[in-house]
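> The structure follows.
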2 protein chains.
Amino acid sequence: MAMVKARAITGIPEWLPEVKRVEQLWMDKIRTVYEKYGYLPVETSAIELLDVLRAKGEIDKEIYVVKKLHAGSKENFGLHYDLTVPLARYVAQNQGQLTFPFRRYQMQKIWRGERPQKGRYREFYQCDIDVVDNEKLGLYFDFEVLYAGQEAMKMLGIPDFVIGVSNRKIYEGYLEGLGIAETTQVLRIIDKMDKIGTEGVSRLLRDDVGLDLAVIEKSLLPASVTSKDMSFVEQFAAFGISTEKTEAGIAELKEVMLAVENAGDANVMVDLSFVRGFDYYTGTIFEGKFVEDIGLGSICSGGRYENLTSRFTKRNLPGVGFSIGLSRIFGGMLDRGLISELASPHIDALILRTDADDLPSVVKLASTLRNRGFRVETYAYHDKMSKQFKYASKKKVPYIWIASRDNLNEFEVKNMNTGAQALADPATWEMA
Amino acid sequence: MAMVKARAITGIPEWLPEVKRVEQLWMDKIRTVYEKYGYLPVETSAIELLDVLRAKGEIDKEIYVVKKLHAGSKENFGLHYDLTVPLARYVAQNQGQLTFPFRRYQMQKIWRGERPQKGRYREFYQCDIDVVDNEKLGLYFDFEVLYAGQEAMKMLGIPDFVIGVSNRKIYEGYLEGLGIAETTQVLRIIDKMDKIGTEGVSRLLRDDVGLDLAVIEKSLLPASVTSKDMSFVEQFAAFGISTEKTEAGIAELKEVMLAVENAGDANVMVDLSFVRGFDYYTGTIFEGKFVEDIGLGSICSGGRYENLTSRFTKRNLPGVGFSIGLSRIFGGMLDRGLISELASPHIDALILRTDADDLPSVVKLASTLRNRGFRVETYAYHDKMSKQFKYASKKKVPYIWIASRDNLNEFEVKNMNTGAQALADPATWEMA
């Protein structure tokens with residue numbers, strides 16, 4: 001048989017085992033936080049019917065289509081490219097069996113047919129937390145998903161980050177109040193502030209939208225508003241524009257920030273500059289990044305979408321959600337050598353083999369220790385001691401068990417950090 | 001916009017959140033056991049290059065091919081249909097960076113383009129544990145993956161199960177010793193014993209292989225050998241056939257069973273009837289099922305394969321592995337109402353809302369409790385008490401927190417089982 005070159009698809013992160021172990025610890029931490037808020041896990045199938053996936057339109061070119069190899073079959077499947085469309089489908093499909101408000105989290109891989117490039121994967125994890133309610137959705141949940149999401153991120157021990165919070169109604173209402181008709185177009189341009197700066201934005205507003213200078217200057221004022229407390233209310237009021245919409249947006253944002261303040265200890269800041277021009281969000285919006293830019297851009301985002309399930313059901317099921325870009329954060333930090341947990345050992349002890357006939361005693365010892373919860377590896381061969389010790393240090397094992405000189409059924413423990421060695425009873429032994 | 005019917009692909013399990021939660025607990029239990037044996041997690045990409053997937057041949061028709069929707073691209077991907085081919089590819093690809101013996105577990109979804117039917121899924125989980133070593137692989141590992149695998153299954157609290165262990169060399173050598181040339185064909189027929197019984201097997205051996213009655217009778221003798229201890233050695237010896245191959249097989253099986261005996265407490269039994277005729281296994285083989293047949297058939301299996309990576313590398317990297325059919329077991333037990341953990345609550349406490357202005361105090365209380373590790377849900381609306389209590393019992397919440405009559409910042413806890421209610425301090429409260 002011909003040889004096949006062993007290679008994976010480019011643009012898909014595939015970690016070495018020691019690294020995957022840490023990614024898994026991260027996922028456990030996120031999950032634990034989400035569950036502390038009463039959220040339940042949902043897992044949807046990776047493949048969906050194509051018409052379901054395309055119900056939102058627009059992103060066709062990124063979809064991976066799935067077919068049987070020897071087809072003739074009429075199957076028309078695709079891999080999901082986010083966890084929001086599957087959520088909408090799942091909620092619409094199971095609405096009779098779900099308890100509303102429906103709190104769920106979902107941590108799954110998604111697939112996008114992008115050209116692979118640094119930091120942009122074709123198969124990667126997202127960790128989403130969302131609430132969907134029946135007919136109306138309390139503003140309380142805008143706070144809850146934001147706060148749970150940022151708490152999950154804090155647990156990861158990543159660099160200092162901040163999550164900007166805003167409400168689309170504020171900027172939209174402000175532009176309307178300025179007499180601007182093309183608010184969507186203007187917001188899309190303002191959304192580029194991060195990349196092209198005030199000058200770039202101003203130029204586009206002049207050239208593409210045809211706004212005059214005085215209007216452009218005024219239109220950019222809210223983009224300067226940031227606050228860790230309620231002072232954004234006064235800052236915005238100073239611009240002298242108040243409409244029904246801006247009032248609604250300000251009131252909503254105040255309520256979210258009131259809850260954040262009382263919950264305490266949040267990496268959250270009001271930032272009106274940030275408007276998420278392209279999104280389907282209708283009210284509160286979130287977007288997080290590292291305070292010190294390490295080149296990863298947006299690391300989490302979310303917001304409220306009143307029309308989540310509108311393509312699937314006539315019932316009104318509004319939602320609000322928060323999504324952590326796990327693979328992007330993890331992969332980015334790994335590339336930059338910032339994953340500290342890699343140093344921690346994955347086993348507590350290694351049992352050495354000192355005799356050709358020691359299998360029974362070694363197996364018994366390992367069982368006893370594992371039954372007590374220790375992570376124990378047994379050296380598999382009756383190799384030279386020097387080779388076994390070399391393996392132990394390669395694995396960074398903190399403790400070694402080794403049969404005593406006279407008795408295969410009696411063991412000593414060696415602390416690999418201190419070098420101390422003494423007889424030990426596996427039924428009662430504890431790590432120092 | 002036109003409505004799209006919200007529906008999932010048939011033949012893919014997709015649980016309600018309460019059910020998914022339990023499946024996740026099961027996966028955690030399996031993982032914890034695998035990690036106690038020092039195994040590291042590996043996750044490979046779900047999509048692989050088609051030529052890699054097809055390197056083993058034969059199962060083409062089950063492969064799902066993956067392409068971009070608007071192609072023109074030459075991408076040739078497929079979804080993995082097991083975790084063994086990806087393991088072989090991964091080990092061959094990363095051999096320079098892995099520590100051998102390479103102990104890994106892998107718990108991922110796999111996809112098979114099967115016609116959907118009860119208990120046979122198109123997208124499902126398998127939980128594999130394998131060891132691959134460099135050039136030679138110690139027999140100790142046949143014991144280790146078997147024992148770790150069966151321990152993981154025991155943690156799930158599933159019905160009584162037994163894992164049959166055998167060694168392909170024994171039956172193969174025995175048939176050769178009987179003078180039978182078509183051993184592979186005969187073993188494939190004997191492998192059907194479970195389904196068509198001794199008579200069916202005898203008929204096939206006569207009609208398809210052309211064996212005469214005396215040989216058929218002798219050829220079936222080892223299929224009756226089962227033992228929980230070393231007595232299989234004597235039982236087999238009584239048939240009076242011993243070749244180099246049978247001796248090798250018996251010696252290997254003895255060593256595995258010696259370790260099992262000393263580790264203790266295993267749901268493992270020697271069963272020579274079971275030969276896995278169709279597989280690529282070369283020595284030790286495993287296959288588990290429930291003692292009382294609930295119609296699920298094989299629930300776990302595995303064995304040793306000396307030629308794991310032969311299509312990908314010239315280096316010899318033999319392996320031995322054990323695979324738990326998680327979705328099959330979980331889905332089968334769910335269908336039969338056998339998942340007991342579904343009754344346990346997913347939150348510890350619910351905080352009620354008694355006042356339109358109680359958001360700050362409620363949010364503070366929730367933070368305090370969650371920081372102490374409790375799973376706490378906050379009721380989102382200022383609804384009537386009767387409605388809030390109804391929600392609490394629907395969610396089976398064991399404890400309710402409710403503001404005291406006079407002070408929004410003081411709370412009482414109600415034990416929903418006993419009905420007892422008293423003031424409580426969130427900083428020190430414990431569940432009864």
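By convention here, the chains of the structure tokens are called A, B, ... in the order presented, each chain's residues are numbered starting at 1, and ligands are numbered starting at 1 in the order presented.
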How would you write, as a ChimeraX atom specification, the set of residues in range 7-73 of chain B that DSSP gives as helix (DSSP H, G or I)?
/B:17-36,50-56,60-62
> Over all C-alpha pairs taken in order, what is the RMSD once chain A has been least-squares superposed onto chain B?
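C-alpha RMSD after optimal superposition stands at 0.1 Å.
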> May I ask for the distance between CA of Phe236 in chain B and CA of Val215 in chain B, given in Å to one decimal place?
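Computed distance, CA of Phe236 in chain B to CA of Val215 in chain B, equals 16.6 Å.
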> Restricting the calculation to only C-alpha atoms, which member of B:Ser340, B:Asn262, B:Thr99, B:Thr418 is positioned closest to chain A?
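Nearest to chain A: B:Asn262.
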> Just asking: which residues within range 41-252 of chain B are strand (DSSP E or B) according to DSSP, as a PyMOL selection string?
chain B and resi 41+47-49+64-68+77-79+102-111+117+120+123-132+161-167+226-227
> List the neighbours of Ser361 in chain A out to 12 Å using only C-alpha atoms; skip same-chain residues closer than 5 positions along the sequence, and give me the result as a list in words.
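Listing them by chain and then by number gives Ile351, Leu352, Arg353, Thr354, Asp355, Ala356, Ala366, Ser367, Thr368, Thr378, Trp401, Ile402, Ala403, Ser404, Asn407, Leu408, Asn409, Glu410, Phe411 and Pro426 of chain A; Leu258, Ala259, Val260, Glu261, Asn262, Ala263 and Gly264 of chain B.
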> My list of candidates is B:Tyr81, B:Tyr281, B:Tyr121, B:Phe374. Which is closest to chain A when distances are computed with only C-alpha atoms?
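Going through B:Tyr81, B:Tyr281, B:Tyr121, B:Phe374 one by one, the smallest distance to chain A is for B:Phe374.
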> For range 130-146 of chain A, list every protein, DNA or RNA residue within 10 Å, evaluated using only C-alpha atoms, and leave out those in the same chain fewer than 6 positions away; present the list as JSON, numbers by chain.
{"A": [34, 37, 39, 84, 87, 88, 91, 95, 99, 100, 101, 102, 103, 104, 105, 106, 152, 163, 165, 252, 253, 255, 256, 257, 258, 259, 260, 263, 266, 268, 283, 284, 285, 286, 287, 301, 302, 303, 304, 305, 306, 308, 309, 315, 316, 317, 318, 319, 320, 321, 322, 323], "B": [359, 363, 378, 379, 380, 381, 382]}
> Could you pull the residues within 9 Å of Phe232 in chain B, counting only C-alpha atoms, minus those fewer than 5 positions along the same chain, as a short mmCIF file (atom, residue, chain, number, x, y, z; two decimals) with N, CA and C atoms, in the first residue's frame?

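After the write, result_8.cif holds the following:
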data_model
loop_
_atom_site.label_atom_id
_atom_site.label_comp_id
_atom_site.auth_asym_id
_atom_site.auth_seq_id
_atom_site.Cartn_x
_atom_site.Cartn_y
_atom_site.Cartn_z
N VAL B 225 -15.10 -21.39 26.20
CA VAL B 225 -14.22 -21.08 27.33
C VAL B 225 -14.47 -19.67 27.88
N THR B 226 -14.91 -19.61 29.11
CA THR B 226 -14.95 -18.32 29.83
C THR B 226 -14.39 -18.56 31.22
N SER B 227 -13.77 -17.50 31.77
CA SER B 227 -13.31 -17.63 33.16
C SER B 227 -13.03 -16.27 33.75
N ALA B 237 -6.25 -25.97 27.49
CA ALA B 237 -5.27 -27.07 27.35
C ALA B 237 -5.97 -28.40 27.13
N ILE B 250 -1.86 -17.50 24.83
CA ILE B 250 -2.19 -17.85 26.21
C ILE B 250 -1.28 -17.09 27.19
N LYS B 254 -2.59 -14.48 29.91
CA LYS B 254 -2.28 -14.70 31.34
C LYS B 254 -1.69 -13.46 31.98
N VAL B 270 -12.33 -13.49 30.89
CA VAL B 270 -11.80 -14.12 29.68
C VAL B 270 -12.97 -14.78 28.94
N ASP B 271 -13.03 -14.57 27.66
CA ASP B 271 -14.10 -15.16 26.84
C ASP B 271 -13.54 -15.43 25.45
N LEU B 272 -13.16 -16.69 25.23
CA LEU B 272 -12.49 -17.01 23.97
C LEU B 272 -13.46 -17.04 22.80
#
> Write out as a PyMOL selection string which residues come within 9 Å of Ile30 in chain B when counting only C-alpha atoms, dropping same-chain ones fewer than 5 positions away.
chain B and resi 25+35+127+149+151-153+155-156
> Okay, now the selection with N, CA and C atoms, as a CSV table (one decimal), in the first residue's frame?

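Written output follows (part_6.csv):
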chain,number,residue,atom,x,y,z
B,25,LEU,N,-21.7,15.4,32.6
B,25,LEU,CA,-21.2,14.8,33.8
B,25,LEU,C,-20.6,13.5,33.6
B,35,GLU,N,-7.5,10.5,33.3
B,35,GLU,CA,-6.4,11.3,33.8
B,35,GLU,C,-5.7,10.8,35.0
B,127,CYS,N,-15.4,7.8,23.3
B,127,CYS,CA,-14.4,8.2,24.3
B,127,CYS,C,-13.3,7.1,24.3
B,149,GLY,N,-10.3,1.8,31.1
B,149,GLY,CA,-11.6,1.8,30.4
B,149,GLY,C,-12.8,1.3,31.2
B,151,GLU,N,-12.9,0.9,34.4
B,151,GLU,CA,-13.1,1.8,35.6
B,151,GLU,C,-13.9,3.0,35.2
B,152,ALA,N,-13.6,3.6,34.0
B,152,ALA,CA,-14.4,4.7,33.6
B,152,ALA,C,-15.9,4.4,33.4
B,153,MET,N,-16.1,3.2,32.8
B,153,MET,CA,-17.5,2.7,32.6
B,153,MET,C,-18.2,2.5,34.0
B,155,MET,N,-17.8,4.1,36.7
B,155,MET,CA,-18.1,5.4,37.3
B,155,MET,C,-19.4,5.9,36.8
B,156,LEU,N,-19.8,5.5,35.7
B,156,LEU,CA,-21.1,6.0,35.1
B,156,LEU,C,-22.3,5.5,35.8
> From the list A:Thr282, A:Ala92, A:Ile190, A:Tyr147, which residue is nearest Asn307 in chain A when using only C-alpha atoms?
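Closest to Asn307 in chain A, using only C-alpha atoms: A:Thr282.
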> Pick the closest to chain A from B:Val19, B:Val42, B:Ala420, B:Leu204: which is it, counting only C-alpha atoms?
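Smallest separation from chain A among the options: B:Val42.
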> Report as a PDB file with all heavy atoms, in the first residue's frame all protein, DNA and RNA residues lying within 10 Å of Asp208 in chain B, evaluated on only C-alpha atoms, omitting residues in the same chain fewer than 3 positions from it.

ATOM      1  N   GLN B 185     -11.633 -16.663   7.476  1.00  0.00           N
ATOM      2  CA  GLN B 185     -13.031 -16.907   7.126  1.00  0.00           C
ATOM      3  C   GLN B 185     -13.758 -17.622   8.267  1.00  0.00           C
ATOM      4  O   GLN B 185     -14.881 -17.256   8.637  1.00  0.00           O
ATOM      5  CB  GLN B 185     -13.071 -17.754   5.848  1.00  0.00           C
ATOM      6  CG  GLN B 185     -14.432 -17.758   5.179  1.00  0.00           C
ATOM      7  CD  GLN B 185     -14.480 -18.740   4.017  1.00  0.00           C
ATOM      8  OE1 GLN B 185     -13.476 -19.377   3.667  1.00  0.00           O
ATOM      9  NE2 GLN B 185     -15.660 -18.869   3.419  1.00  0.00           N
ATOM     10  N   VAL B 186     -13.098 -18.598   8.852  1.00  0.00           N
ATOM     11  CA  VAL B 186     -13.726 -19.355   9.943  1.00  0.00           C
ATOM     12  C   VAL B 186     -13.958 -18.463  11.156  1.00  0.00           C
ATOM     13  O   VAL B 186     -15.028 -18.492  11.782  1.00  0.00           O
ATOM     14  CB  VAL B 186     -12.847 -20.577  10.316  1.00  0.00           C
ATOM     15  CG1 VAL B 186     -13.345 -21.229  11.608  1.00  0.00           C
ATOM     16  CG2 VAL B 186     -12.828 -21.584   9.169  1.00  0.00           C
ATOM     17  N   ILE B 189     -16.929 -16.279  10.804  1.00  0.00           N
ATOM     18  CA  ILE B 189     -18.189 -17.006  11.011  1.00  0.00           C
ATOM     19  C   ILE B 189     -18.422 -17.250  12.502  1.00  0.00           C
ATOM     20  O   ILE B 189     -19.514 -17.040  13.027  1.00  0.00           O
ATOM     21  CB  ILE B 189     -18.179 -18.324  10.204  1.00  0.00           C
ATOM     22  CG1 ILE B 189     -18.229 -18.001   8.703  1.00  0.00           C
ATOM     23  CG2 ILE B 189     -19.346 -19.218  10.602  1.00  0.00           C
ATOM     24  CD1 ILE B 189     -17.993 -19.178   7.786  1.00  0.00           C
ATOM     25  N   SER B 202     -22.385 -23.565  12.686  1.00  0.00           N
ATOM     26  CA  SER B 202     -22.002 -24.883  12.149  1.00  0.00           C
ATOM     27  C   SER B 202     -22.421 -24.999  10.694  1.00  0.00           C
ATOM     28  O   SER B 202     -21.664 -25.507   9.849  1.00  0.00           O
ATOM     29  CB  SER B 202     -22.676 -26.000  12.958  1.00  0.00           C
ATOM     30  OG  SER B 202     -22.292 -25.901  14.308  1.00  0.00           O
ATOM     31  N   ARG B 203     -23.628 -24.546  10.385  1.00  0.00           N
ATOM     32  CA  ARG B 203     -24.122 -24.657   9.025  1.00  0.00           C
ATOM     33  C   ARG B 203     -23.224 -23.877   8.067  1.00  0.00           C
ATOM     34  O   ARG B 203     -22.836 -24.366   7.004  1.00  0.00           O
ATOM     35  CB  ARG B 203     -25.569 -24.145   8.937  1.00  0.00           C
ATOM     36  CG  ARG B 203     -26.278 -24.622   7.669  1.00  0.00           C
ATOM     37  CD  ARG B 203     -27.773 -24.313   7.672  1.00  0.00           C
ATOM     38  NE  ARG B 203     -28.359 -24.383   9.011  1.00  0.00           N
ATOM     39  CZ  ARG B 203     -28.883 -23.323   9.650  1.00  0.00           C
ATOM     40  NH1 ARG B 203     -28.879 -22.135   9.089  1.00  0.00           N
ATOM     41  NH2 ARG B 203     -29.391 -23.479  10.859  1.00  0.00           N
ATOM     42  N   LEU B 204     -22.876 -22.646   8.453  1.00  0.00           N
ATOM     43  CA  LEU B 204     -22.012 -21.823   7.595  1.00  0.00           C
ATOM     44  C   LEU B 204     -20.635 -22.456   7.410  1.00  0.00           C
ATOM     45  O   LEU B 204     -20.067 -22.424   6.324  1.00  0.00           O
ATOM     46  CB  LEU B 204     -21.861 -20.417   8.183  1.00  0.00           C
ATOM     47  CG  LEU B 204     -23.064 -19.478   8.041  1.00  0.00           C
ATOM     48  CD1 LEU B 204     -22.759 -18.126   8.685  1.00  0.00           C
ATOM     49  CD2 LEU B 204     -23.428 -19.271   6.568  1.00  0.00           C
ATOM     50  N   LEU B 205     -20.114 -23.039   8.493  1.00  0.00           N
ATOM     51  CA  LEU B 205     -18.790 -23.664   8.396  1.00  0.00           C
ATOM     52  C   LEU B 205     -18.836 -24.842   7.432  1.00  0.00           C
ATOM     53  O   LEU B 205     -17.863 -25.129   6.720  1.00  0.00           O
ATOM     54  CB  LEU B 205     -18.308 -24.115   9.782  1.00  0.00           C
ATOM     55  CG  LEU B 205     -17.930 -22.973  10.752  1.00  0.00           C
ATOM     56  CD1 LEU B 205     -17.496 -23.528  12.107  1.00  0.00           C
ATOM     57  CD2 LEU B 205     -16.805 -22.109  10.167  1.00  0.00           C
ATOM     58  N   LEU B 211     -16.073 -27.436   5.764  1.00  0.00           N
ATOM     59  CA  LEU B 211     -15.472 -28.279   6.799  1.00  0.00           C
ATOM     60  C   LEU B 211     -16.357 -29.493   7.079  1.00  0.00           C
ATOM     61  O   LEU B 211     -17.576 -29.420   6.960  1.00  0.00           O
ATOM     62  CB  LEU B 211     -15.311 -27.472   8.094  1.00  0.00           C
ATOM     63  CG  LEU B 211     -14.419 -26.230   8.041  1.00  0.00           C
ATOM     64  CD1 LEU B 211     -14.284 -25.619   9.433  1.00  0.00           C
ATOM     65  CD2 LEU B 211     -13.036 -26.562   7.473  1.00  0.00           C
TER      66      LEU B 211
END
> Considering only C-alpha atoms, can you say which of B:Val201, B:Met385, B:Ala424, B:Leu350 comes closest to chain A?
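So, comparing all the options, the nearest one is B:Leu350.
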> When you draw a straight line from CA of Lys169 in chain B to CA of Ile196 in chain B, how long is it in Å?
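Separation of CA of Lys169 in chain B and CA of Ile196 in chain B: 23.8 Å.
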> Separation of CA of Lys192 in chain A and CA of Ser298 in chain A, in Å?
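Computing the Euclidean distance for CA of Lys192 in chain A and CA of Ser298 in chain A yields 13.0 Å.
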> Restricting the calculation to only C-alpha atoms: of B:Thr183, B:Gln108, B:Gln117, B:Ser224, which residue gets closest to chain A?
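Result for the nearest residue to chain A: B:Gln108.
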